[in-house]
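Chemist: Handing over entry_36.txt, compact mmCIF, N, CA and C atoms.
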```txt
# COMPACT_ATOMS: atom_id res chain seq x y z
N MET X 1 -30.21 -83.84 -40.62
CA MET X 1 -31.48 -83.25 -40.26
C MET X 1 -31.31 -82.51 -38.93
N LYS X 2 -31.81 -81.31 -38.90
CA LYS X 2 -31.73 -80.47 -37.70
C LYS X 2 -32.80 -80.88 -36.68
N ALA X 3 -32.44 -80.86 -35.41
CA ALA X 3 -33.40 -81.18 -34.34
C ALA X 3 -34.49 -80.10 -34.28
N PRO X 4 -35.74 -80.49 -34.01
CA PRO X 4 -36.81 -79.50 -33.91
C PRO X 4 -36.57 -78.52 -32.76
N GLU X 5 -37.06 -77.32 -32.93
CA GLU X 5 -37.00 -76.31 -31.88
C GLU X 5 -38.38 -76.19 -31.25
N LEU X 6 -38.42 -75.63 -30.04
CA LEU X 6 -39.67 -75.41 -29.33
C LEU X 6 -39.95 -73.92 -29.22
N GLU X 7 -41.22 -73.56 -29.37
CA GLU X 7 -41.66 -72.18 -29.17
C GLU X 7 -42.76 -72.19 -28.12
N GLU X 8 -42.55 -71.44 -27.02
CA GLU X 8 -43.59 -71.38 -26.00
C GLU X 8 -44.78 -70.61 -26.57
N ILE X 9 -45.96 -71.24 -26.49
CA ILE X 9 -47.16 -70.65 -27.08
C ILE X 9 -48.04 -70.01 -26.01
N PHE X 10 -48.34 -70.73 -24.95
CA PHE X 10 -49.14 -70.16 -23.88
C PHE X 10 -49.01 -70.99 -22.62
N GLU X 11 -49.60 -70.44 -21.57
CA GLU X 11 -49.60 -71.09 -20.27
C GLU X 11 -51.06 -71.24 -19.85
N ILE X 12 -51.37 -72.40 -19.32
CA ILE X 12 -52.72 -72.69 -18.83
C ILE X 12 -52.64 -72.91 -17.33
N THR X 13 -53.49 -72.23 -16.57
CA THR X 13 -53.65 -72.55 -15.15
C THR X 13 -55.10 -72.93 -14.94
N ALA X 14 -55.33 -73.94 -14.11
CA ALA X 14 -56.70 -74.40 -13.89
C ALA X 14 -56.85 -74.98 -12.49
N THR X 15 -58.08 -75.01 -12.04
CA THR X 15 -58.40 -75.68 -10.78
C THR X 15 -59.32 -76.85 -11.09
N LEU X 16 -59.22 -77.88 -10.27
CA LEU X 16 -60.02 -79.08 -10.42
C LEU X 16 -60.88 -79.28 -9.19
N ASN X 17 -62.03 -79.91 -9.38
CA ASN X 17 -62.83 -80.35 -8.24
C ASN X 17 -62.10 -81.48 -7.54
N PRO X 18 -62.48 -81.81 -6.31
CA PRO X 18 -61.89 -82.98 -5.65
C PRO X 18 -62.06 -84.21 -6.55
N HIS X 19 -61.07 -85.07 -6.52
CA HIS X 19 -61.10 -86.22 -7.42
C HIS X 19 -61.77 -87.45 -6.80
N TYR X 20 -62.18 -88.34 -7.68
CA TYR X 20 -62.74 -89.64 -7.30
C TYR X 20 -61.78 -90.71 -7.79
N MET X 21 -61.70 -91.80 -7.06
CA MET X 21 -60.85 -92.93 -7.47
C MET X 21 -61.69 -94.19 -7.58
N GLU X 22 -61.43 -94.97 -8.61
CA GLU X 22 -62.03 -96.29 -8.76
C GLU X 22 -60.92 -97.18 -9.29
N GLY X 23 -60.45 -98.09 -8.43
CA GLY X 23 -59.27 -98.86 -8.80
C GLY X 23 -58.12 -97.89 -8.96
N GLY X 24 -57.43 -97.95 -10.06
CA GLY X 24 -56.34 -97.00 -10.33
C GLY X 24 -56.77 -95.79 -11.11
N ARG X 25 -58.07 -95.70 -11.48
CA ARG X 25 -58.58 -94.60 -12.30
C ARG X 25 -58.91 -93.39 -11.44
N LEU X 26 -58.41 -92.22 -11.85
CA LEU X 26 -58.70 -90.96 -11.17
C LEU X 26 -59.63 -90.14 -12.05
N MET X 27 -60.65 -89.54 -11.46
CA MET X 27 -61.58 -88.70 -12.20
C MET X 27 -61.76 -87.38 -11.46
N ALA X 28 -61.54 -86.28 -12.16
CA ALA X 28 -61.70 -84.95 -11.55
C ALA X 28 -62.19 -83.98 -12.62
N MET X 29 -63.23 -83.23 -12.31
CA MET X 29 -63.77 -82.26 -13.24
C MET X 29 -63.03 -80.92 -13.13
N ILE X 30 -62.94 -80.24 -14.25
CA ILE X 30 -62.26 -78.94 -14.32
C ILE X 30 -63.22 -77.84 -13.87
N ASN X 31 -62.77 -76.97 -12.97
CA ASN X 31 -63.57 -75.82 -12.53
C ASN X 31 -63.44 -74.64 -13.48
N GLY X 32 -62.30 -74.50 -14.12
CA GLY X 32 -62.02 -73.36 -14.98
C GLY X 32 -60.60 -72.91 -14.77
N GLY X 33 -60.22 -71.85 -15.47
CA GLY X 33 -58.86 -71.34 -15.34
C GLY X 33 -58.57 -70.26 -16.36
N ASP X 34 -57.29 -69.96 -16.52
CA ASP X 34 -56.85 -68.87 -17.39
C ASP X 34 -55.83 -69.36 -18.40
N VAL X 35 -55.81 -68.66 -19.55
CA VAL X 35 -54.84 -68.93 -20.61
C VAL X 35 -54.15 -67.61 -20.91
N THR X 36 -52.82 -67.61 -20.86
CA THR X 36 -52.05 -66.40 -21.14
C THR X 36 -50.93 -66.73 -22.12
N GLY X 37 -50.54 -65.75 -22.90
CA GLY X 37 -49.47 -65.95 -23.87
C GLY X 37 -49.94 -65.58 -25.27
N LYS X 38 -49.50 -66.33 -26.28
CA LYS X 38 -49.87 -66.06 -27.67
C LYS X 38 -51.39 -66.17 -27.85
N ILE X 39 -52.04 -67.02 -27.08
CA ILE X 39 -53.49 -67.11 -27.01
C ILE X 39 -53.89 -66.70 -25.60
N LYS X 40 -54.87 -65.82 -25.51
CA LYS X 40 -55.36 -65.37 -24.21
C LYS X 40 -56.83 -65.76 -24.10
N GLY X 41 -57.22 -66.18 -22.91
CA GLY X 41 -58.61 -66.54 -22.72
C GLY X 41 -58.82 -67.23 -21.40
N LYS X 42 -59.81 -68.12 -21.39
CA LYS X 42 -60.11 -68.83 -20.15
C LYS X 42 -60.35 -70.31 -20.44
N VAL X 43 -60.07 -71.11 -19.43
CA VAL X 43 -60.40 -72.53 -19.47
C VAL X 43 -61.85 -72.64 -19.03
N LEU X 44 -62.68 -73.25 -19.85
CA LEU X 44 -64.09 -73.38 -19.52
C LEU X 44 -64.31 -74.48 -18.48
N PRO X 45 -65.35 -74.35 -17.67
CA PRO X 45 -65.60 -75.37 -16.63
C PRO X 45 -66.31 -76.61 -17.21
N VAL X 46 -65.66 -77.22 -18.17
CA VAL X 46 -66.14 -78.46 -18.79
C VAL X 46 -64.95 -79.42 -18.90
N GLY X 47 -65.22 -80.69 -19.03
CA GLY X 47 -64.14 -81.65 -19.20
C GLY X 47 -63.53 -82.06 -17.88
N GLY X 48 -62.43 -82.78 -17.98
CA GLY X 48 -61.78 -83.23 -16.77
C GLY X 48 -60.61 -84.16 -17.02
N GLU X 49 -60.12 -84.70 -15.95
CA GLU X 49 -58.99 -85.64 -15.92
C GLU X 49 -59.55 -87.03 -15.68
N PHE X 50 -59.11 -87.99 -16.50
CA PHE X 50 -59.58 -89.37 -16.40
C PHE X 50 -58.42 -90.35 -16.49
N GLY X 51 -57.29 -89.99 -15.89
CA GLY X 51 -56.08 -90.80 -15.99
C GLY X 51 -56.10 -92.03 -15.11
N ILE X 52 -55.00 -92.78 -15.21
CA ILE X 52 -54.90 -94.03 -14.46
C ILE X 52 -53.47 -94.25 -13.97
N PHE X 53 -53.37 -94.75 -12.75
CA PHE X 53 -52.06 -95.13 -12.22
C PHE X 53 -51.69 -96.48 -12.83
N ILE X 54 -50.58 -96.52 -13.57
CA ILE X 54 -50.18 -97.78 -14.19
C ILE X 54 -49.10 -98.49 -13.38
N SER X 55 -48.56 -97.80 -12.39
CA SER X 55 -47.64 -98.41 -11.43
C SER X 55 -47.54 -97.45 -10.25
N ALA X 56 -46.81 -97.84 -9.24
CA ALA X 56 -46.67 -96.99 -8.04
C ALA X 56 -45.92 -95.69 -8.33
N ASP X 57 -45.17 -95.66 -9.44
CA ASP X 57 -44.39 -94.45 -9.73
C ASP X 57 -44.77 -93.78 -11.05
N THR X 58 -45.86 -94.24 -11.71
CA THR X 58 -46.23 -93.67 -13.00
C THR X 58 -47.75 -93.52 -13.13
N TYR X 59 -48.16 -92.34 -13.55
CA TYR X 59 -49.57 -92.02 -13.79
C TYR X 59 -49.71 -91.64 -15.26
N LYS X 60 -50.66 -92.24 -15.95
CA LYS X 60 -50.93 -91.95 -17.35
C LYS X 60 -52.05 -90.91 -17.42
N ILE X 61 -51.74 -89.74 -17.94
CA ILE X 61 -52.65 -88.60 -18.00
C ILE X 61 -53.64 -88.77 -19.16
N ASP X 62 -54.90 -88.39 -18.92
CA ASP X 62 -55.95 -88.42 -19.95
C ASP X 62 -56.91 -87.27 -19.66
N VAL X 63 -56.78 -86.17 -20.39
CA VAL X 63 -57.55 -84.96 -20.12
C VAL X 63 -58.32 -84.52 -21.36
N ARG X 64 -59.53 -84.00 -21.13
CA ARG X 64 -60.34 -83.35 -22.16
C ARG X 64 -60.75 -82.00 -21.57
N ALA X 65 -60.62 -80.93 -22.38
CA ALA X 65 -60.94 -79.59 -21.87
C ALA X 65 -61.28 -78.67 -23.04
N ALA X 66 -61.68 -77.45 -22.71
CA ALA X 66 -61.99 -76.44 -23.73
C ALA X 66 -61.54 -75.08 -23.26
N ILE X 67 -61.05 -74.32 -24.21
CA ILE X 67 -60.60 -72.94 -23.98
C ILE X 67 -61.53 -72.01 -24.75
N GLN X 68 -61.85 -70.88 -24.15
CA GLN X 68 -62.53 -69.82 -24.88
C GLN X 68 -61.55 -68.66 -24.99
N ALA X 69 -61.14 -68.36 -26.22
CA ALA X 69 -60.20 -67.26 -26.45
C ALA X 69 -60.89 -65.93 -26.20
N GLU X 70 -60.10 -64.88 -26.04
CA GLU X 70 -60.67 -63.55 -25.78
C GLU X 70 -61.66 -63.10 -26.85
N ASP X 71 -61.48 -63.56 -28.08
CA ASP X 71 -62.39 -63.17 -29.15
C ASP X 71 -63.65 -64.03 -29.19
N GLY X 72 -63.81 -64.95 -28.22
CA GLY X 72 -64.99 -65.80 -28.15
C GLY X 72 -64.84 -67.16 -28.81
N SER X 73 -63.75 -67.37 -29.56
CA SER X 73 -63.53 -68.65 -30.23
C SER X 73 -63.36 -69.77 -29.21
N ILE X 74 -63.89 -70.94 -29.56
CA ILE X 74 -63.76 -72.12 -28.70
C ILE X 74 -62.68 -73.03 -29.28
N ILE X 75 -61.80 -73.49 -28.42
CA ILE X 75 -60.72 -74.40 -28.80
C ILE X 75 -60.80 -75.63 -27.90
N TYR X 76 -61.07 -76.77 -28.50
CA TYR X 76 -61.12 -78.03 -27.77
C TYR X 76 -59.70 -78.57 -27.66
N LEU X 77 -59.37 -79.17 -26.52
CA LEU X 77 -58.07 -79.82 -26.40
C LEU X 77 -58.20 -81.13 -25.65
N SER X 78 -57.37 -82.05 -26.06
CA SER X 78 -57.25 -83.31 -25.34
C SER X 78 -55.76 -83.59 -25.25
N TYR X 79 -55.38 -84.23 -24.17
CA TYR X 79 -53.97 -84.59 -24.07
C TYR X 79 -53.77 -85.80 -23.18
N GLY X 80 -52.79 -86.55 -23.60
CA GLY X 80 -52.27 -87.64 -22.80
C GLY X 80 -50.90 -87.25 -22.33
N GLY X 81 -50.26 -88.14 -21.65
CA GLY X 81 -48.92 -87.88 -21.17
C GLY X 81 -48.64 -88.72 -19.94
N PHE X 82 -47.57 -88.36 -19.24
CA PHE X 82 -47.17 -89.13 -18.07
C PHE X 82 -46.67 -88.23 -16.94
N MET X 83 -46.98 -88.66 -15.73
CA MET X 83 -46.37 -88.12 -14.52
C MET X 83 -45.58 -89.29 -13.94
N HIS X 84 -44.34 -89.02 -13.59
CA HIS X 84 -43.49 -90.09 -13.06
C HIS X 84 -42.64 -89.51 -11.93
N ALA X 85 -42.58 -90.23 -10.83
CA ALA X 85 -41.77 -89.81 -9.68
C ALA X 85 -41.64 -90.99 -8.73
N GLU X 86 -40.76 -90.84 -7.75
CA GLU X 86 -40.72 -91.85 -6.70
C GLU X 86 -42.13 -91.98 -6.14
N PRO X 87 -42.56 -93.19 -5.73
CA PRO X 87 -43.94 -93.37 -5.29
C PRO X 87 -44.44 -92.36 -4.27
N ALA X 88 -43.64 -92.02 -3.27
CA ALA X 88 -44.10 -91.05 -2.26
C ALA X 88 -44.30 -89.67 -2.86
N LYS X 89 -43.44 -89.28 -3.81
CA LYS X 89 -43.57 -87.97 -4.44
C LYS X 89 -44.72 -87.94 -5.43
N LEU X 90 -44.96 -89.05 -6.13
CA LEU X 90 -46.11 -89.11 -7.02
C LEU X 90 -47.40 -88.97 -6.22
N LYS X 91 -47.45 -89.62 -5.08
CA LYS X 91 -48.62 -89.49 -4.19
C LYS X 91 -48.80 -88.04 -3.76
N MET X 92 -47.69 -87.34 -3.46
CA MET X 92 -47.76 -85.93 -3.07
C MET X 92 -48.35 -85.06 -4.20
N LEU X 93 -48.04 -85.43 -5.46
CA LEU X 93 -48.54 -84.64 -6.59
C LEU X 93 -50.07 -84.62 -6.66
N PHE X 94 -50.70 -85.59 -6.02
CA PHE X 94 -52.16 -85.67 -6.03
C PHE X 94 -52.75 -85.20 -4.70
N SER X 95 -51.97 -84.45 -3.95
CA SER X 95 -52.44 -83.86 -2.69
C SER X 95 -52.10 -82.38 -2.72
N HIS X 96 -52.50 -81.67 -1.69
CA HIS X 96 -52.17 -80.24 -1.59
C HIS X 96 -50.68 -80.02 -1.41
N ASP X 97 -49.94 -81.07 -1.05
CA ASP X 97 -48.49 -80.94 -0.87
C ASP X 97 -47.74 -80.95 -2.19
N GLY X 98 -48.41 -81.28 -3.29
CA GLY X 98 -47.75 -81.34 -4.59
C GLY X 98 -47.10 -80.02 -4.98
N LYS X 99 -47.72 -78.92 -4.57
CA LYS X 99 -47.17 -77.60 -4.90
C LYS X 99 -45.82 -77.36 -4.25
N ASP X 100 -45.49 -78.14 -3.21
CA ASP X 100 -44.22 -77.95 -2.51
C ASP X 100 -43.06 -78.70 -3.16
N LEU X 101 -43.36 -79.56 -4.12
CA LEU X 101 -42.30 -80.30 -4.80
C LEU X 101 -41.65 -79.43 -5.86
N ASP X 102 -40.34 -79.54 -5.99
CA ASP X 102 -39.61 -78.87 -7.05
C ASP X 102 -39.81 -79.66 -8.34
N THR X 103 -39.91 -78.98 -9.47
CA THR X 103 -40.14 -79.67 -10.73
C THR X 103 -39.03 -80.65 -11.10
N SER X 104 -37.87 -80.52 -10.49
CA SER X 104 -36.78 -81.48 -10.73
C SER X 104 -37.04 -82.82 -10.05
N GLU X 105 -38.06 -82.87 -9.17
CA GLU X 105 -38.35 -84.10 -8.42
C GLU X 105 -39.38 -85.00 -9.11
N TYR X 106 -39.88 -84.56 -10.26
CA TYR X 106 -40.85 -85.37 -10.99
C TYR X 106 -40.80 -85.05 -12.48
N TYR X 107 -41.38 -85.96 -13.25
CA TYR X 107 -41.53 -85.80 -14.70
C TYR X 107 -43.03 -85.65 -14.97
N TRP X 108 -43.44 -84.57 -15.66
CA TRP X 108 -44.86 -84.31 -15.94
C TRP X 108 -44.92 -83.70 -17.33
N ARG X 109 -45.16 -84.53 -18.33
CA ARG X 109 -45.17 -84.07 -19.72
C ARG X 109 -46.43 -84.55 -20.42
N THR X 110 -46.90 -83.70 -21.36
CA THR X 110 -48.12 -84.01 -22.10
C THR X 110 -47.91 -83.77 -23.59
N ASN X 111 -48.86 -84.28 -24.37
CA ASN X 111 -48.86 -84.05 -25.81
C ASN X 111 -50.25 -83.56 -26.26
N PRO X 112 -50.54 -82.27 -26.03
CA PRO X 112 -51.87 -81.76 -26.35
C PRO X 112 -52.17 -81.74 -27.84
N ILE X 113 -53.44 -82.02 -28.16
CA ILE X 113 -53.96 -81.93 -29.51
C ILE X 113 -55.14 -80.96 -29.46
N PHE X 114 -55.13 -80.00 -30.36
CA PHE X 114 -56.16 -78.96 -30.38
C PHE X 114 -57.05 -79.12 -31.60
N GLU X 115 -58.32 -78.73 -31.43
CA GLU X 115 -59.28 -78.70 -32.53
C GLU X 115 -60.09 -77.42 -32.42
N THR X 116 -60.21 -76.73 -33.53
CA THR X 116 -61.05 -75.53 -33.55
C THR X 116 -61.51 -75.24 -34.97
N ALA X 117 -62.69 -74.63 -35.08
CA ALA X 117 -63.20 -74.18 -36.37
C ALA X 117 -62.88 -72.71 -36.60
N ALA X 118 -62.28 -72.05 -35.61
CA ALA X 118 -61.98 -70.62 -35.70
C ALA X 118 -60.80 -70.38 -36.64
N PRO X 119 -61.01 -69.62 -37.72
CA PRO X 119 -59.92 -69.36 -38.67
C PRO X 119 -58.66 -68.78 -38.03
N ALA X 120 -58.83 -67.91 -37.04
CA ALA X 120 -57.67 -67.27 -36.41
C ALA X 120 -56.75 -68.27 -35.71
N TYR X 121 -57.29 -69.42 -35.34
CA TYR X 121 -56.51 -70.41 -34.60
C TYR X 121 -56.37 -71.73 -35.36
N SER X 122 -56.64 -71.71 -36.67
CA SER X 122 -56.59 -72.95 -37.45
C SER X 122 -55.21 -73.61 -37.42
N TRP X 123 -54.18 -72.83 -37.20
CA TRP X 123 -52.81 -73.38 -37.12
C TRP X 123 -52.68 -74.40 -35.99
N LEU X 124 -53.55 -74.30 -34.97
CA LEU X 124 -53.52 -75.28 -33.87
C LEU X 124 -53.88 -76.68 -34.36
N ASN X 125 -54.71 -76.75 -35.40
CA ASN X 125 -55.21 -78.03 -35.90
C ASN X 125 -54.14 -78.89 -36.58
N HIS X 126 -53.02 -78.28 -36.94
CA HIS X 126 -52.00 -79.03 -37.68
C HIS X 126 -50.58 -78.80 -37.13
N THR X 127 -50.50 -78.50 -35.84
CA THR X 127 -49.20 -78.28 -35.20
C THR X 127 -49.03 -79.29 -34.07
N VAL X 128 -47.82 -79.80 -33.92
CA VAL X 128 -47.50 -80.72 -32.82
C VAL X 128 -47.08 -79.88 -31.61
N PHE X 129 -47.60 -80.25 -30.45
CA PHE X 129 -47.33 -79.53 -29.21
C PHE X 129 -46.84 -80.50 -28.14
N ILE X 130 -46.10 -79.96 -27.20
CA ILE X 130 -45.79 -80.68 -25.97
C ILE X 130 -46.06 -79.73 -24.81
N GLY X 131 -46.35 -80.30 -23.66
CA GLY X 131 -46.62 -79.49 -22.48
C GLY X 131 -45.81 -79.98 -21.30
N SER X 132 -45.49 -79.06 -20.44
CA SER X 132 -44.77 -79.36 -19.21
C SER X 132 -45.65 -78.92 -18.05
N GLY X 133 -45.96 -79.84 -17.13
CA GLY X 133 -46.91 -79.55 -16.07
C GLY X 133 -46.28 -79.36 -14.70
N GLY X 134 -47.06 -78.74 -13.84
CA GLY X 134 -46.65 -78.52 -12.45
C GLY X 134 -47.78 -77.82 -11.71
N TYR X 135 -47.41 -77.19 -10.61
CA TYR X 135 -48.38 -76.46 -9.78
C TYR X 135 -47.89 -75.04 -9.54
N THR X 136 -48.84 -74.12 -9.41
CA THR X 136 -48.51 -72.76 -8.98
C THR X 136 -48.32 -72.80 -7.46
N PRO X 137 -47.73 -71.76 -6.87
CA PRO X 137 -47.60 -71.72 -5.41
C PRO X 137 -48.95 -71.80 -4.68
N GLU X 138 -50.05 -71.41 -5.38
CA GLU X 138 -51.39 -71.47 -4.78
C GLU X 138 -52.02 -72.85 -4.94
N GLY X 139 -51.36 -73.76 -5.65
CA GLY X 139 -51.87 -75.11 -5.81
C GLY X 139 -52.70 -75.34 -7.06
N LYS X 140 -52.74 -74.37 -7.98
CA LYS X 140 -53.43 -74.59 -9.26
C LYS X 140 -52.54 -75.42 -10.17
N VAL X 141 -53.17 -76.21 -11.04
CA VAL X 141 -52.42 -76.94 -12.06
C VAL X 141 -51.95 -75.92 -13.09
N ILE X 142 -50.71 -76.08 -13.56
CA ILE X 142 -50.18 -75.16 -14.58
C ILE X 142 -49.48 -75.99 -15.66
N TYR X 143 -49.75 -75.61 -16.90
CA TYR X 143 -49.07 -76.23 -18.04
C TYR X 143 -48.48 -75.14 -18.90
N ARG X 144 -47.24 -75.32 -19.31
CA ARG X 144 -46.63 -74.47 -20.33
C ARG X 144 -46.67 -75.30 -21.61
N ILE X 145 -47.25 -74.71 -22.64
CA ILE X 145 -47.46 -75.42 -23.90
C ILE X 145 -46.49 -74.86 -24.96
N TYR X 146 -45.81 -75.79 -25.63
CA TYR X 146 -44.80 -75.45 -26.62
C TYR X 146 -45.17 -76.06 -27.97
N ALA X 147 -45.00 -75.28 -29.04
CA ALA X 147 -45.14 -75.81 -30.40
C ALA X 147 -43.81 -76.38 -30.81
N VAL X 148 -43.85 -77.53 -31.47
CA VAL X 148 -42.63 -78.12 -32.03
C VAL X 148 -42.48 -77.54 -33.43
N LYS X 149 -41.40 -76.80 -33.65
CA LYS X 149 -41.17 -76.11 -34.93
C LYS X 149 -40.47 -77.01 -35.91
```
When written as structure tokens, how does the structure in this file appear?
Modeler:
Amino acid sequence: MKAPELEEIFEITATLNPHYMEGGRLMAMINGGDVTGKIKGKVLPVGGEFGIFISADTYKIDVRAAIQAEDGSIIYLSYGGFMHAEPAKLKMLFSHDGKDLDTSEYYWRTNPIFETAAPAYSWLNHTVFIGSGGYTPEGKVIYRIYAVK
């Protein structure tokens, strides 16, 4: 059996409101953002991050969001995943200093699931995706999303 290949589908950049913490749970609402690539559009200012620190070096991601494609179609997405780094570097990822870390200094991967009623994007409903996260130099969250072929 041949190993699956990856195809880069699009890139998402977004900004978040300041986060709240309760115990190990982090909550931050999405302000909005941009989608570029095979799908073009914007991240709507709905949804947010509701992850939890499961140890000093691991954060379990839990996000709900929505994209509006250029043609007006709405695409809902949810994703889990993990951020993992040395404790001091993981702490940096949740501050303005996170943008200064090189992506080789941490692990930030997601498994997005998409839902849409738009016929043009129905292929999203039955495709497996993975995402790789980081920050732009301006401090926005950025994800590159890949389809598993």
Chemist: Identify the residues around (-55.9, -88.7, -21.5) within a radius of 8 Å, measuring from all atoms listed in the file in the coordinates stated by the file, and give them as JSON, numbers by chain.
Modeler: {"X": [48, 49, 50, 51, 52, 60, 61, 62, 63, 64, 78, 79, 80, 81]}
Chemist: Hey, can you spit out that residue selection with N, CA and C atoms as an mmCIF file, in the coordinates of the input?
Modeler:
```cif
data_model
loop_
_atom_site.group_PDB
_atom_site.id
_atom_site.type_symbol
_atom_site.label_atom_id
_atom_site.label_comp_id
_atom_site.auth_asym_id
_atom_site.auth_seq_id
_atom_site.Cartn_x
_atom_site.Cartn_y
_atom_site.Cartn_z
ATOM 1 N N GLY X 48 -62.430 -82.780 -17.980
ATOM 2 C CA GLY X 48 -61.780 -83.230 -16.770
ATOM 3 C C GLY X 48 -60.610 -84.160 -17.020
ATOM 4 N N GLU X 49 -60.120 -84.700 -15.950
ATOM 5 C CA GLU X 49 -58.990 -85.640 -15.920
ATOM 6 C C GLU X 49 -59.550 -87.030 -15.680
ATOM 7 N N PHE X 50 -59.110 -87.990 -16.500
ATOM 8 C CA PHE X 50 -59.580 -89.370 -16.400
ATOM 9 C C PHE X 50 -58.420 -90.350 -16.490
ATOM 10 N N GLY X 51 -57.290 -89.990 -15.890
ATOM 11 C CA GLY X 51 -56.080 -90.800 -15.990
ATOM 12 C C GLY X 51 -56.100 -92.030 -15.110
ATOM 13 N N ILE X 52 -55.000 -92.780 -15.210
ATOM 14 C CA ILE X 52 -54.900 -94.030 -14.460
ATOM 15 C C ILE X 52 -53.470 -94.250 -13.970
ATOM 16 N N LYS X 60 -50.660 -92.240 -15.950
ATOM 17 C CA LYS X 60 -50.930 -91.950 -17.350
ATOM 18 C C LYS X 60 -52.050 -90.910 -17.420
ATOM 19 N N ILE X 61 -51.740 -89.740 -17.940
ATOM 20 C CA ILE X 61 -52.650 -88.600 -18.000
ATOM 21 C C ILE X 61 -53.640 -88.770 -19.160
ATOM 22 N N ASP X 62 -54.900 -88.390 -18.920
ATOM 23 C CA ASP X 62 -55.950 -88.420 -19.950
ATOM 24 C C ASP X 62 -56.910 -87.270 -19.660
ATOM 25 N N VAL X 63 -56.780 -86.170 -20.390
ATOM 26 C CA VAL X 63 -57.550 -84.960 -20.120
ATOM 27 C C VAL X 63 -58.320 -84.520 -21.360
ATOM 28 N N ARG X 64 -59.530 -84.000 -21.130
ATOM 29 C CA ARG X 64 -60.340 -83.350 -22.160
ATOM 30 C C ARG X 64 -60.750 -82.000 -21.570
ATOM 31 N N SER X 78 -57.370 -82.050 -26.060
ATOM 32 C CA SER X 78 -57.250 -83.310 -25.340
ATOM 33 C C SER X 78 -55.760 -83.590 -25.250
ATOM 34 N N TYR X 79 -55.380 -84.230 -24.170
ATOM 35 C CA TYR X 79 -53.970 -84.590 -24.070
ATOM 36 C C TYR X 79 -53.770 -85.800 -23.180
ATOM 37 N N GLY X 80 -52.790 -86.550 -23.600
ATOM 38 C CA GLY X 80 -52.270 -87.640 -22.800
ATOM 39 C C GLY X 80 -50.900 -87.250 -22.330
ATOM 40 N N GLY X 81 -50.260 -88.140 -21.650
ATOM 41 C CA GLY X 81 -48.920 -87.880 -21.170
ATOM 42 C C GLY X 81 -48.640 -88.720 -19.940
#
```
Chemist: Give the answer as one residue: which of X:Gly41, X:Gly33, X:Pro18, X:Gly23 has the shortest atom-to-atom distance to Asp71 of chain X, using only C-alpha atoms?
Modeler: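 That would be X:Gly41, the residue with the smallest distance to Asp71 of chain X.
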Chemist: Need the shell around Leu16 of chain X: protein/DNA/RNA residues with any atom at most 6.5 Å away, counting only N, CA and C atoms. Skip same-chain ones fewer than 2 positions apart. Format as a list of chain:residue names?
Modeler: X:Ala14, X:Pro18, X:His19, X:Ala28, X:Met29, X:Ile30, X:Asn31, X:Gly32, X:Val141
Chemist: Could you find all residues in segment 58-132 of chain X that DSSP calls strand (DSSP E) from the backbone, and write them as a PyMOL selection string?
Modeler: chain X and resi 58-69+74-84+107-115+129-132
Chemist: Which polymer residues, whether protein, DNA or RNA, lie within 7 Å of the coordinate (-43.1, -82.8, -16.3) when you count all atoms listed in the file? List them as a PyMOL selection string, using the chain letters and numbers from the file.
Modeler: chain X and resi 82-84+103+106-110+131-134
Chemist: Could you check how far atom CA of Leu44 of chain X sits from atom CA of Asn111 of chain X, in Å to one decimal?
Modeler: 19.6 Å
Chemist: Nearest to Thr58 of chain X among X:Glu86, X:Ile39, X:Asp100, X:Pro45, with distances taken over only N, CA and C atoms: which residue is it?
Modeler: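 With only N, CA and C atoms as the atom set, the closest residue is X:Glu86.
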